[in-house]
>>> print(open('my_file-v4.pdb').read())   # PDB, C-alpha atoms and all ligand atoms
ATOM      1  CA  MET E   1       8.176  28.190  -8.893
ATOM      2  CA  PRO E   2      11.134  28.876 -11.210
ATOM      3  CA  HIS E   3      11.525  25.521 -12.933
ATOM      4  CA  HIS E   4      15.278  25.747 -13.094
ATOM      5  CA  ASP E   5      15.677  26.147  -9.339
ATOM      6  CA  PRO E   6      16.648  22.814  -7.740
ATOM      7  CA  PHE E   7      16.134  24.166  -4.222
ATOM      8  CA  ALA E   8      12.523  25.125  -4.904
ATOM      9  CA  LEU E   9      12.049  21.737  -6.591
ATOM     10  CA  ARG E  10      13.248  19.885  -3.497
ATOM     11  CA  GLU E  11      11.094  21.988  -1.216
ATOM     12  CA  LEU E  12       8.049  21.006  -3.266
ATOM     13  CA  LEU E  13       8.927  17.368  -4.016
ATOM     14  CA  GLY E  14      11.545  16.300  -1.467
ATOM     15  CA  ASP E  15      15.310  15.934  -1.301
ATOM     16  CA  ASP E  16      15.397  13.090  -3.832
ATOM     17  CA  ALA E  17      13.697  15.056  -6.637
ATOM     18  CA  ARG E  18      15.971  15.888  -9.577
ATOM     19  CA  LEU E  19      15.520  17.712 -12.839
ATOM     20  CA  CYS E  20      16.673  15.291 -15.488
ATOM     21  CA  ARG E  21      16.467  14.119 -19.070
ATOM     22  CA  ARG E  22      16.083  10.661 -20.587
ATOM     23  CA  ALA E  23      19.343   9.533 -22.187
ATOM     24  CA  ILE E  24      17.789   8.203 -25.404
ATOM     25  CA  THR E  25      15.051  10.716 -26.207
ATOM     26  CA  LEU E  26      16.488  13.724 -24.277
ATOM     27  CA  GLU E  27      12.969  14.292 -22.979
ATOM     28  CA  ALA E  28      13.108  16.593 -19.931
ATOM     29  CA  GLY E  29      11.306  15.863 -16.687
ATOM     30  CA  VAL E  30      11.666  15.162 -13.006
ATOM     31  CA  ALA E  31      13.184  12.055 -11.390
ATOM     32  CA  LEU E  32      11.790  10.739  -8.104
ATOM     33  CA  PRO E  33      12.357   7.549  -6.073
ATOM     34  CA  PRO E  34      10.397   4.465  -7.209
ATOM     35  CA  PHE E  35       6.702   4.288  -6.257
ATOM     36  CA  VAL E  36       5.080   1.384  -4.406
ATOM     37  CA  ASP E  37       1.413   0.391  -4.387
ATOM     38  CA  HIS E  38       1.129  -1.104  -0.899
ATOM     39  CA  HIS E  39      -2.088  -3.052  -1.573
ATOM     40  CA  VAL E  40      -2.527  -5.089  -4.735
ATOM     41  CA  HIS E  41      -3.623  -8.576  -5.814
ATOM     42  CA  LEU E  42      -1.396  -9.591  -8.718
ATOM     43  CA  HIS E  43      -3.541 -12.580  -9.716
ATOM     44  CA  LEU E  44      -6.392 -10.191 -10.563
ATOM     45  CA  ILE E  45      -4.577  -7.673 -12.770
ATOM     46  CA  ASP E  46      -2.486  -7.385 -15.920
ATOM     47  CA  GLU E  47       0.709  -6.345 -14.180
ATOM     48  CA  ARG E  48       2.565  -5.567 -17.430
ATOM     49  CA  ALA E  49       0.960  -2.126 -17.430
ATOM     50  CA  LEU E  50       2.308  -1.167 -13.995
ATOM     51  CA  GLY E  51       5.750   0.126 -14.972
ATOM     52  CA  GLY E  52       4.573   2.241 -17.882
ATOM     53  CA  ARG E  53       2.107   3.870 -15.523
ATOM     54  CA  GLY E  54       4.524   4.651 -12.707
ATOM     55  CA  ILE E  55       4.382   1.732 -10.257
ATOM     56  CA  ALA E  56       7.773   0.067  -9.663
ATOM     57  CA  GLY E  57       6.916  -1.986  -6.591
ATOM     58  CA  VAL E  58       3.880  -3.736  -5.140
ATOM     59  CA  VAL E  59       2.801  -5.364  -1.902
ATOM     60  CA  ASP E  60       0.510  -8.293  -2.706
ATOM     61  CA  LEU E  61      -1.949  -8.580   0.190
ATOM     62  CA  GLY E  62      -3.629 -11.857  -0.682
ATOM     63  CA  GLY E  63      -2.537 -14.432  -3.245
ATOM     64  CA  ASP E  64      -1.337 -17.993  -3.710
ATOM     65  CA  PRO E  65       1.926 -18.312  -1.731
ATOM     66  CA  VAL E  66       3.204 -21.038  -4.089
ATOM     67  CA  GLU E  67       2.730 -18.828  -7.158
ATOM     68  CA  LEU E  68       4.199 -15.786  -5.423
ATOM     69  CA  ALA E  69       7.265 -17.733  -4.235
ATOM     70  CA  ARG E  70       8.120 -18.554  -7.885
ATOM     71  CA  ARG E  71       8.549 -14.890  -8.749
ATOM     72  CA  PRO E  72      11.745 -12.837  -8.503
ATOM     73  CA  LEU E  73      11.530 -10.369  -5.610
ATOM     74  CA  GLU E  74      13.609  -7.792  -7.484
ATOM     75  CA  GLY E  75      11.742  -8.081 -10.784
ATOM     76  CA  MET E  76       9.343  -5.625 -12.400
ATOM     77  CA  PRO E  77       7.366  -4.953 -10.326
ATOM     78  CA  ARG E  78       9.555  -5.329  -7.260
ATOM     79  CA  LEU E  79       7.602  -7.554  -4.915
ATOM     80  CA  ALA E  80       6.677  -8.025  -1.276
ATOM     81  CA  TYR E  81       3.752 -10.252  -0.326
ATOM     82  CA  ALA E  82       1.603 -11.726   2.387
ATOM     83  CA  GLY E  83       0.783 -15.005   0.635
ATOM     84  CA  ALA E  84      -2.564 -16.425   1.741
ATOM     85  CA  ILE E  85      -4.978 -14.419   3.895
ATOM     86  CA  LEU E  86      -5.484 -15.860   7.394
ATOM     87  CA  THR E  87      -9.120 -15.922   8.528
ATOM     88  CA  SER E  88     -11.558 -17.815  10.749
ATOM     89  CA  PRO E  89     -13.240 -21.022   9.478
ATOM     90  CA  GLY E  90     -15.695 -19.898   6.796
ATOM     91  CA  GLY E  91     -14.687 -16.281   7.377
ATOM     92  CA  TYR E  92     -14.052 -13.566   4.799
ATOM     93  CA  PRO E  93     -12.814 -13.847   2.082
ATOM     94  CA  ALA E  94     -13.202 -17.650   1.889
ATOM     95  CA  GLY E  95     -15.550 -18.550  -0.955
ATOM     96  CA  ARG E  96     -15.340 -15.200  -2.762
ATOM     97  CA  SER E  97     -14.779 -15.511  -6.480
ATOM     98  CA  TRP E  98     -11.640 -13.352  -6.323
ATOM     99  CA  ALA E  99     -10.168 -15.434  -3.488
ATOM    100  CA  PRO E 100      -9.608 -19.012  -4.701
ATOM    101  CA  PRO E 101      -8.830 -21.597  -1.978
ATOM    102  CA  ALA E 102      -5.067 -21.253  -2.481
ATOM    103  CA  THR E 103      -5.265 -17.615  -1.359
ATOM    104  CA  VAL E 104      -7.010 -18.213   2.015
ATOM    105  CA  ARG E 105      -6.078 -20.189   5.173
ATOM    106  CA  GLU E 106      -8.833 -20.892   7.680
ATOM    107  CA  VAL E 107      -7.291 -20.828  11.160
ATOM    108  CA  SER E 108      -9.311 -22.818  13.717
ATOM    109  CA  ASP E 109      -6.815 -23.315  16.546
ATOM    110  CA  PRO E 110      -4.681 -20.806  18.494
ATOM    111  CA  SER E 111      -1.909 -23.392  18.764
ATOM    112  CA  ASP E 112       1.633 -22.063  18.729
ATOM    113  CA  HIS E 113       2.999 -25.481  17.753
ATOM    114  CA  PRO E 114       4.215 -26.167  14.224
ATOM    115  CA  GLY E 115       2.428 -28.692  12.042
ATOM    116  CA  VAL E 116      -1.031 -28.405  13.635
ATOM    117  CA  ALA E 117      -3.887 -28.564  11.102
ATOM    118  CA  GLY E 118      -5.673 -25.199  11.271
ATOM    119  CA  GLY E 119      -3.127 -23.945  13.813
ATOM    120  CA  ALA E 120      -2.194 -20.274  14.048
ATOM    121  CA  ALA E 121       1.570 -20.801  14.080
ATOM    122  CA  THR E 122       1.294 -23.361  11.280
ATOM    123  CA  ALA E 123      -0.497 -20.889   9.001
ATOM    124  CA  VAL E 124       2.074 -18.174   9.718
ATOM    125  CA  ASP E 125       4.995 -20.590   9.294
ATOM    126  CA  GLU E 126       3.644 -21.624   5.896
ATOM    127  CA  GLN E 127       3.501 -18.057   4.574
ATOM    128  CA  ALA E 128       6.964 -17.330   5.988
ATOM    129  CA  SER E 129       8.382 -20.454   4.370
ATOM    130  CA  PHE E 130       7.093 -19.230   0.995
ATOM    131  CA  GLY E 131       8.896 -15.920   1.433
ATOM    132  CA  ALA E 132       6.157 -13.672   2.814
ATOM    133  CA  SER E 133       7.407 -10.394   4.237
ATOM    134  CA  VAL E 134       4.101  -9.515   5.918
ATOM    135  CA  ILE E 135       1.218 -11.598   7.345
ATOM    136  CA  LYS E 136      -2.364 -10.655   6.414
ATOM    137  CA  VAL E 137      -5.358 -11.367   8.663
ATOM    138  CA  ALA E 138      -9.006 -10.744   7.800
ATOM    139  CA  LEU E 139     -11.353  -9.360  10.472
ATOM    140  CA  ASN E 140     -14.684  -8.865   8.728
ATOM    141  CA  SER E 141     -17.746  -9.171  10.958
ATOM    142  CA  ASP E 142     -20.024  -8.160   8.073
ATOM    143  CA  ALA E 143     -19.246 -11.441   6.293
ATOM    144  CA  GLY E 144     -19.316 -14.363   8.675
ATOM    145  CA  THR E 145     -17.279 -15.354  11.705
ATOM    146  CA  VAL E 146     -14.114 -13.557  12.830
ATOM    147  CA  LEU E 147     -10.906 -14.851  14.432
ATOM    148  CA  ASP E 148     -11.230 -14.927  18.228
ATOM    149  CA  ALA E 149      -8.861 -12.932  20.422
ATOM    150  CA  ALA E 150      -6.683 -15.910  21.355
ATOM    151  CA  THR E 151      -6.179 -16.934  17.730
ATOM    152  CA  LEU E 152      -5.449 -13.376  16.577
ATOM    153  CA  SER E 153      -2.946 -13.018  19.403
ATOM    154  CA  ALA E 154      -1.294 -16.323  18.480
ATOM    155  CA  ILE E 155      -0.975 -15.191  14.848
ATOM    156  CA  LEU E 156       0.694 -11.949  15.982
ATOM    157  CA  THR E 157       3.101 -13.840  18.245
ATOM    158  CA  ALA E 158       4.010 -16.286  15.488
ATOM    159  CA  ALA E 159       4.536 -13.449  12.997
ATOM    160  CA  ARG E 160       6.796 -11.600  15.446
ATOM    161  CA  GLY E 161       8.740 -14.831  15.854
ATOM    162  CA  HIS E 162       9.517 -14.618  12.134
ATOM    163  CA  GLY E 163      10.200 -10.878  12.338
ATOM    164  CA  LEU E 164       7.170 -10.188  10.133
ATOM    165  CA  PRO E 165       4.638  -7.354  10.522
ATOM    166  CA  VAL E 166       0.906  -8.126  10.483
ATOM    167  CA  VAL E 167      -1.586  -6.246   8.318
ATOM    168  CA  ALA E 168      -5.330  -6.534   8.971
ATOM    169  CA  HIS E 169      -8.382  -6.182   6.772
ATOM    170  CA  ALA E 170     -10.787  -4.595   9.306
ATOM    171  CA  GLU E 171     -14.437  -4.320   8.226
ATOM    172  CA  GLY E 172     -17.621  -4.262  10.279
ATOM    173  CA  SER E 173     -18.541  -2.799  13.625
ATOM    174  CA  GLY E 174     -15.708  -2.849  16.166
ATOM    175  CA  MET E 175     -13.213  -4.551  13.859
ATOM    176  CA  ALA E 176     -10.803  -1.599  13.575
ATOM    177  CA  ARG E 177     -10.804  -1.398  17.376
ATOM    178  CA  ILE E 178      -9.891  -5.087  17.651
ATOM    179  CA  ALA E 179      -7.065  -4.634  15.141
ATOM    180  CA  ILE E 180      -5.713  -1.536  16.877
ATOM    181  CA  GLU E 181      -5.965  -2.929  20.397
ATOM    182  CA  ALA E 182      -4.367  -6.215  19.350
ATOM    183  CA  GLY E 183      -1.401  -4.221  18.052
ATOM    184  CA  VAL E 184      -1.459  -5.119  14.365
ATOM    185  CA  ASP E 185       1.216  -3.199  12.468
ATOM    186  CA  ALA E 186      -0.913  -1.934   9.602
ATOM    187  CA  LEU E 187      -4.474  -1.730   8.342
ATOM    188  CA  ALA E 188      -4.994  -2.839   4.736
ATOM    189  CA  HIS E 189      -7.638  -0.118   4.278
ATOM    190  CA  THR E 190      -8.400   3.199   5.918
ATOM    191  CA  PRO E 191     -11.265   2.169   8.275
ATOM    192  CA  PHE E 192     -14.509   2.723   6.359
ATOM    193  CA  THR E 193     -17.274   1.048   8.380
ATOM    194  CA  GLU E 194     -17.564   3.581  11.201
ATOM    195  CA  LEU E 195     -15.931   6.764  12.452
ATOM    196  CA  LEU E 196     -13.214   5.962  14.985
ATOM    197  CA  ASP E 197     -13.177   7.952  18.199
ATOM    198  CA  PRO E 198     -10.174  10.224  18.867
ATOM    199  CA  GLY E 199      -8.836   7.976  21.630
ATOM    200  CA  LEU E 200      -8.725   4.986  19.312
ATOM    201  CA  ILE E 201      -7.048   7.015  16.558
ATOM    202  CA  ALA E 202      -4.500   8.263  19.106
ATOM    203  CA  ALA E 203      -3.828   4.650  20.133
ATOM    204  CA  ALA E 204      -3.257   3.661  16.498
ATOM    205  CA  VAL E 205      -0.884   6.577  15.948
ATOM    206  CA  GLY E 206       0.883   5.964  19.265
ATOM    207  CA  SER E 207       1.555   2.326  18.405
ATOM    208  CA  GLY E 208       3.097   3.337  15.069
ATOM    209  CA  GLN E 209       0.334   1.598  13.113
ATOM    210  CA  ARG E 210       0.390   2.373   9.391
ATOM    211  CA  TRP E 211      -2.777   2.769   7.362
ATOM    212  CA  ILE E 212      -2.833   1.776   3.702
ATOM    213  CA  SER E 213      -5.079   4.353   2.069
ATOM    214  CA  THR E 214      -7.389   2.636  -0.517
ATOM    215  CA  LEU E 215      -9.792   5.610  -0.595
ATOM    216  CA  ASP E 216     -10.736   5.233  -4.264
ATOM    217  CA  ILE E 217     -12.378   1.805  -3.753
ATOM    218  CA  HIS E 218     -15.314   3.648  -2.168
ATOM    219  CA  ARG E 219     -16.186   5.487  -5.360
ATOM    220  CA  GLY E 220     -19.961   5.053  -5.690
ATOM    221  CA  ASP E 221     -20.430   4.310  -1.960
ATOM    222  CA  ARG E 222     -21.111   7.676  -0.395
ATOM    223  CA  ASP E 223     -21.186   6.540   3.239
ATOM    224  CA  GLY E 224     -18.055   4.409   3.035
ATOM    225  CA  ASP E 225     -16.270   7.167   1.149
ATOM    226  CA  ARG E 226     -17.154   9.862   3.671
ATOM    227  CA  THR E 227     -16.286   7.640   6.657
ATOM    228  CA  ALA E 228     -12.907   6.631   5.243
ATOM    229  CA  ARG E 229     -11.970  10.202   4.302
ATOM    230  CA  THR E 230     -12.908  11.524   7.747
ATOM    231  CA  ASN E 231     -11.010   8.775   9.549
ATOM    232  CA  LEU E 232      -7.975   9.458   7.382
ATOM    233  CA  GLU E 233      -8.114  13.212   8.016
ATOM    234  CA  ARG E 234      -8.177  12.549  11.758
ATOM    235  CA  PHE E 235      -5.408   9.969  11.583
ATOM    236  CA  LEU E 236      -3.220  12.383   9.612
ATOM    237  CA  SER E 237      -3.974  15.271  11.983
ATOM    238  CA  ALA E 238      -2.894  13.049  14.874
ATOM    239  CA  GLY E 239       0.417  12.315  13.115
ATOM    240  CA  GLY E 240      -0.398   8.889  11.660
ATOM    241  CA  VAL E 241       1.723   7.281   8.946
ATOM    242  CA  VAL E 242      -0.141   6.573   5.699
ATOM    243  CA  LEU E 243       1.014   4.335   2.865
ATOM    244  CA  TYR E 244      -0.283   4.773  -0.688
ATOM    245  CA  GLY E 245      -2.290   1.694  -1.646
ATOM    246  CA  THR E 246      -5.204   1.055  -3.981
ATOM    247  CA  ASP E 247      -6.386  -2.572  -3.572
ATOM    248  CA  LEU E 248      -5.551  -3.001  -7.234
ATOM    249  CA  GLY E 249      -7.514  -5.947  -8.583
ATOM    250  CA  ASP E 250     -10.669  -4.722  -6.872
ATOM    251  CA  ASP E 251     -13.318  -3.641  -9.401
ATOM    252  CA  ASP E 252     -11.986  -1.599 -12.294
ATOM    253  CA  LEU E 253      -9.201   0.438 -10.711
ATOM    254  CA  PRO E 254      -6.635   1.768 -13.194
ATOM    255  CA  VAL E 255      -3.438  -0.317 -13.354
ATOM    256  CA  GLY E 256      -0.619   2.061 -12.418
ATOM    257  CA  VAL E 257      -0.541   5.291 -10.434
ATOM    258  CA  ASN E 258      -4.127   6.176  -9.498
ATOM    259  CA  ALA E 259      -4.428   9.955  -9.676
ATOM    260  CA  ARG E 260      -7.869   9.781  -8.016
ATOM    261  CA  GLU E 261      -6.337   8.059  -4.975
ATOM    262  CA  LEU E 262      -3.647  10.750  -4.859
ATOM    263  CA  ALA E 263      -6.214  13.545  -5.161
ATOM    264  CA  ALA E 264      -8.230  12.055  -2.292
ATOM    265  CA  LEU E 265      -5.098  11.802  -0.121
ATOM    266  CA  HIS E 266      -4.163  15.386  -0.961
ATOM    267  CA  GLN E 267      -7.653  16.511  -0.020
ATOM    268  CA  ALA E 268      -7.430  14.620   3.294
ATOM    269  CA  GLY E 269      -4.271  16.561   4.130
ATOM    270  CA  LEU E 270      -1.456  14.338   2.854
ATOM    271  CA  GLN E 271       0.315  16.787   0.554
ATOM    272  CA  GLY E 272       3.616  17.523  -1.168
ATOM    273  CA  THR E 273       6.583  15.691   0.316
ATOM    274  CA  ASP E 274       4.286  13.790   2.709
ATOM    275  CA  LEU E 275       2.316  12.463  -0.262
ATOM    276  CA  LEU E 276       5.577  11.393  -1.907
ATOM    277  CA  ASP E 277       6.676   9.669   1.309
ATOM    278  CA  ALA E 278       3.467   7.576   1.189
ATOM    279  CA  LEU E 279       4.289   6.581  -2.418
ATOM    280  CA  THR E 280       7.994   5.841  -1.940
ATOM    281  CA  ASP E 281       8.031   4.091   1.464
ATOM    282  CA  PRO E 282       9.513   0.623   0.825
ATOM    283  CA  TRP E 283       7.383  -0.971   3.614
ATOM    284  CA  PRO E 284       7.423  -3.842   4.463
ATOM    285  CA  ARG E 285      10.795  -4.028   2.744
ATOM    286  CA  ALA E 286      13.613  -2.191   4.522
ATOM    287  CA  GLU E 287      15.224  -0.440   1.539
ATOM    288  CA  ARG E 288      14.065   1.265  -1.621
ATOM    289  CA  SER E 289      14.763  -0.371  -4.946
ATOM    290  CA  GLN E 290      18.056   0.897  -6.384
ATOM    291  CA  GLY E 291      17.870   0.067 -10.083
ATOM    292  CA  VAL E 292      14.828   2.082 -11.126
ATOM    293  CA  ALA E 293      13.440   5.583 -10.710
ATOM    294  CA  THR E 294      10.183   7.381 -11.325
ATOM    295  CA  PHE E 295      10.245   9.766 -14.291
ATOM    296  CA  VAL E 296       7.546  12.418 -14.707
ATOM    297  CA  PRO E 297       7.888  14.050 -18.141
ATOM    298  CA  GLY E 298       7.575  17.772 -18.663
ATOM    299  CA  ALA E 299       7.834  20.734 -16.325
ATOM    300  CA  PRO E 300       7.592  20.264 -12.558
ATOM    301  CA  PRO E 301       4.217  21.063 -10.962
ATOM    302  CA  ALA E 302       3.552  24.774 -10.493
ATOM    303  CA  ASP E 303       2.484  24.355  -6.876
ATOM    304  CA  VAL E 304       1.566  21.770  -4.266
ATOM    305  CA  ASP E 305      -2.067  21.511  -5.438
ATOM    306  CA  ALA E 306      -0.901  20.465  -8.899
ATOM    307  CA  ILE E 307       1.112  17.494  -7.607
ATOM    308  CA  PRO E 308      -1.560  14.711  -7.582
ATOM    309  CA  ALA E 309      -2.553  15.165 -11.245
ATOM    310  CA  TRP E 310       1.075  15.692 -12.275
ATOM    311  CA  LEU E 311       2.055  12.381 -10.636
ATOM    312  CA  GLY E 312      -0.565  10.666 -12.807
ATOM    313  CA  ARG E 313       1.907  11.034 -15.721
ATOM    314  CA  ALA E 314       4.646   9.069 -13.907
ATOM    315  CA  THR E 315       6.487   6.193 -15.538
ATOM    316  CA  VAL E 316       9.231   3.825 -14.335
ATOM    317  CA  VAL E 317      12.669   3.970 -15.972
ATOM    318  CA  PRO E 318      16.026   2.321 -15.256
ATOM    319  CA  THR E 319      18.134   4.686 -13.158
ATOM    320  CA  GLU E 320      20.976   4.648 -15.686
ATOM    321  CA  GLU E 321      18.654   5.982 -18.373
ATOM    322  CA  LEU E 322      18.404   9.370 -16.644
ATOM    323  CA  ILE E 323      20.876  12.227 -17.064
ATOM    324  CA  SER E 324      20.804  14.821 -14.307
ATOM    325  CA  ASP E 325      19.935  18.354 -15.391
ATOM    326  CA  ASP E 326      20.303  19.442 -11.830
ATOM    327  CA  HIS E 327      23.268  21.684 -11.257
ATOM    328  CA  GLY E 328      22.326  22.873  -7.789
TER     329      GLY E 328
HETATM  330 ZN    ZN N   1      -7.260  -6.378  -1.064
END
>>> encode(input="my_file-v4.pdb", output="structure tokens")
Amino acid sequence: MPHHDPFALRELLGDDARLCRRAITLEAGVALPPFVDHHVHLHLIDERALGGRGIAGVVDLGGDPVELARRPLEGMPRLAYAGAILTSPGGYPAGRSWAPPATVREVSDPSDHPGVAGGAATAVDEQASFGASVIKVALNSDAGTVLDAATLSAILTAARGHGLPVVAHAEGSGMARIAIEAGVDALAHTPFTELLDPGLIAAAVGSGQRWISTLDIHRGDRDGDRTARTNLERFLSAGGVVLYGTDLGDDDLPVGVNARELAALHQAGLQGTDLLDALTDPWPRAERSQGVATFVPGAPPADVDAIPAWLGRATVVPTEELISDDHG
């Protein structure tokens, strides 16, 4: 690709890509919309490293709603969050070292009334009142009991009443099916327990369900890795919408853009502008952040296969710090 050609640049990287230069250092590079990691746990990471390594926004999918409500939504990183994870009594992730009591609500009653101890609507109302923009439910049959159908349905109804989407952690036999058939809006992980049949994948795609990728968490688990990659390939082939997400805070994932996650997505068929869409989708927020941009220093990637590694050099800069070099 001729590096000076803005039309070729946009074909490779999307309509928002711009050749530019940083105002202070005059370093040349490419500007892109801000990147979002759609699955993180801020209480488990040193978030100060995010911006320098290319992540401008995060979706916290399990934390203390009181702590999260104290934070500015438009800060660095820009924030959306679920608050506490809703699960069955004693269900996952209650009791895990990474999930202190403040980050989990055990829902024991499908009640749609407010102020019921253990009630479904009460748990949703609480997260909403602390500013959640998505509700997270855990469905993990490999680690204890799971929410029954009536309670899951009541959680979905209560969330819809607040205008909030529901994201599910689905793990264990049949759990992805329950999440898809119940109509949850997103899965927190590409399903990794079992291969989903084509009909179920078609149902997920048809309902507009989004899958948050988290492929790199299966490093060192050959079966989980292969299952997740195959499910994602099939979901993408069927037209499914994927969001870039890492489950940052899990194990020793790198804080910032994870080039391994991007390489795995590229390999599964999410490439070029589609890969960038997964990184720049503001979900569950409605609009992208306006004040910041992604800056990737140096020449643009030579071709589509070079994009994942190239994106690993991304950093976040204030929009006003970039001078357009783009005269197309
Ligand atoms: Zn997580």
>>> resolve_selection(input="my_file-v4.pdb", expression="the PyMOL selection byres (((chain E and resi 26) around 12) and not hetatm)", output="MDAnalysis selection string")
chainID E and resid 20:25 27:29 297:298 321:325
>>> resolve_selection(input="my_file-v4.pdb", expression="the PyMOL selection byres (((not hetatm)) within 7 of (chain N and resi 1))", output="list in words")
His39, Val40, His41, Leu61, Gly62, Asp247 and Asp250 of chain E
>>> closest_residue(input="my_file-v4.pdb", among="E:Met175, E:Val107, E:Leu275, E:Val255", to="Val124 in chain E", atoms="all atoms listed in the file")
E:Val107
>>> residues_around(input="my_file-v4.pdb", residues="Ala238 in chain E", least_positions_apart="5", cutoff="12 Å", atoms="all atoms listed in the file", output="compact mmCIF listing (two decimals) with C-alpha atoms, in the coordinates of the input")
# COMPACT_ATOMS: atom_id res chain seq x y z
CA ASP E 197 -13.18 7.95 18.20
CA PRO E 198 -10.17 10.22 18.87
CA GLY E 199 -8.84 7.98 21.63
CA LEU E 200 -8.72 4.99 19.31
CA ILE E 201 -7.05 7.02 16.56
CA ALA E 202 -4.50 8.26 19.11
CA ALA E 203 -3.83 4.65 20.13
CA ALA E 204 -3.26 3.66 16.50
CA VAL E 205 -0.88 6.58 15.95
CA GLY E 206 0.88 5.96 19.26
CA GLY E 208 3.10 3.34 15.07
CA ASN E 231 -11.01 8.78 9.55
CA LEU E 232 -7.98 9.46 7.38
CA GLU E 233 -8.11 13.21 8.02
CA GLY E 269 -4.27 16.56 4.13
>>> residues_around(input="my_file-v4.pdb", residues="His113 in chain E", least_positions_apart="6", cutoff="12 Å", atoms="only C-alpha atoms", output="PDB file with C-alpha atoms, in the coordinates of the input")
ATOM      1  CA  GLY E 119      -3.127 -23.945  13.813  1.00  0.00           C
ATOM      2  CA  ALA E 120      -2.194 -20.274  14.048  1.00  0.00           C
ATOM      3  CA  ALA E 121       1.570 -20.801  14.080  1.00  0.00           C
ATOM      4  CA  THR E 122       1.294 -23.361  11.280  1.00  0.00           C
ATOM      5  CA  ALA E 123      -0.497 -20.889   9.001  1.00  0.00           C
ATOM      6  CA  VAL E 124       2.074 -18.174   9.718  1.00  0.00           C
ATOM      7  CA  ASP E 125       4.995 -20.590   9.294  1.00  0.00           C
ATOM      8  CA  ALA E 154      -1.294 -16.323  18.480  1.00  0.00           C
ATOM      9  CA  ILE E 155      -0.975 -15.191  14.848  1.00  0.00           C
ATOM     10  CA  THR E 157       3.101 -13.840  18.245  1.00  0.00           C
ATOM     11  CA  ALA E 158       4.010 -16.286  15.488  1.00  0.00           C
TER      12      ALA E 158
END
>>> closest_residue(input="my_file-v4.pdb", among="E:Gly161, E:Gly272, E:Pro34, E:Pro72", to="Asp305 in chain E", atoms="all atoms listed in the file")
E:Gly272
>>> atom_distance(input="my_file-v4.pdb", atom1="CA of Gly249 in chain E", atom2="CA of Ile212 in chain E")
15.2 Å
>>> resolve_selection(input="my_file-v4.pdb", expression="the PyMOL selection byres (((chain E and resi 217) around 10) and not hetatm)", output="JSON, numbers by chain")
{"E": [189, 213, 214, 215, 216, 218, 219, 220, 221, 224, 225, 246, 247, 248, 250, 251, 252, 253, 261]}
>>> residues_around(input="my_file-v4.pdb", residues="Thr315 in chain E", least_positions_apart="2", cutoff="9 Å", atoms="all atoms listed in the file", output="MDAnalysis selection string")
chainID E and resid 50:56 256:257 293:297 312:313 317
>>> closest_residue(input="my_file-v4.pdb", among="E:Arg160, E:Lys136, E:Arg288, E:Arg78", to="Leu42 in chain E", atoms="only C-alpha atoms")
E:Arg78
>>> residues_around(input="my_file-v4.pdb", residues="range 7-18 of chain E", least_positions_apart="2", cutoff="9 Å", atoms="all atoms listed in the file", output="list in words")
Met1, Pro2, His3, His4, Asp5, Cys20, Gly29, Val30, Ala31, Leu32, Pro33, Gly272, Thr273, Asp274, Leu276, Asp277, Pro300, Pro301, Asp303, Val304, Ile307, Ser324, Asp325, Asp326 and Gly328 of chain E
>>> write_last_selection(input="my_file-v4.pdb", atoms="C-alpha atoms", output="PDB file, in the frame of the given file")
ATOM      1  CA  MET E   1       8.176  28.190  -8.893  1.00  0.00           C
ATOM      2  CA  PRO E   2      11.134  28.876 -11.210  1.00  0.00           C
ATOM      3  CA  HIS E   3      11.525  25.521 -12.933  1.00  0.00           C
ATOM      4  CA  HIS E   4      15.278  25.747 -13.094  1.00  0.00           C
ATOM      5  CA  ASP E   5      15.677  26.147  -9.339  1.00  0.00           C
ATOM      6  CA  CYS E  20      16.673  15.291 -15.488  1.00  0.00           C
ATOM      7  CA  GLY E  29      11.306  15.863 -16.687  1.00  0.00           C
ATOM      8  CA  VAL E  30      11.666  15.162 -13.006  1.00  0.00           C
ATOM      9  CA  ALA E  31      13.184  12.055 -11.390  1.00  0.00           C
ATOM     10  CA  LEU E  32      11.790  10.739  -8.104  1.00  0.00           C
ATOM     11  CA  PRO E  33      12.357   7.549  -6.073  1.00  0.00           C
ATOM     12  CA  GLY E 272       3.616  17.523  -1.168  1.00  0.00           C
ATOM     13  CA  THR E 273       6.583  15.691   0.316  1.00  0.00           C
ATOM     14  CA  ASP E 274       4.286  13.790   2.709  1.00  0.00           C
ATOM     15  CA  LEU E 276       5.577  11.393  -1.907  1.00  0.00           C
ATOM     16  CA  ASP E 277       6.676   9.669   1.309  1.00  0.00           C
ATOM     17  CA  PRO E 300       7.592  20.264 -12.558  1.00  0.00           C
ATOM     18  CA  PRO E 301       4.217  21.063 -10.962  1.00  0.00           C
ATOM     19  CA  ASP E 303       2.484  24.355  -6.876  1.00  0.00           C
ATOM     20  CA  VAL E 304       1.566  21.770  -4.266  1.00  0.00           C
ATOM     21  CA  ILE E 307       1.112  17.494  -7.607  1.00  0.00           C
ATOM     22  CA  SER E 324      20.804  14.821 -14.307  1.00  0.00           C
ATOM     23  CA  ASP E 325      19.935  18.354 -15.391  1.00  0.00           C
ATOM     24  CA  ASP E 326      20.303  19.442 -11.830  1.00  0.00           C
ATOM     25  CA  GLY E 328      22.326  22.873  -7.789  1.00  0.00           C
TER      26      GLY E 328
END
>>> closest_residue(input="my_file-v4.pdb", among="E:Ala168, E:Ala306, E:Ala138, E:Ala278", to="Leu86 in chain E", atoms="all atoms listed in the file")
E:Ala138
>>> atom_distance(input="my_file-v4.pdb", atom1="CA of Gln290 in chain E", atom2="CA of Leu243 in chain E")
19.7 Å
>>> closest_residue(input="my_file-v4.pdb", among="E:Gly63, E:Pro308, E:Pro318, E:Pro89", to="Leu44 in chain E", atoms="only C-alpha atoms")
E:Gly63
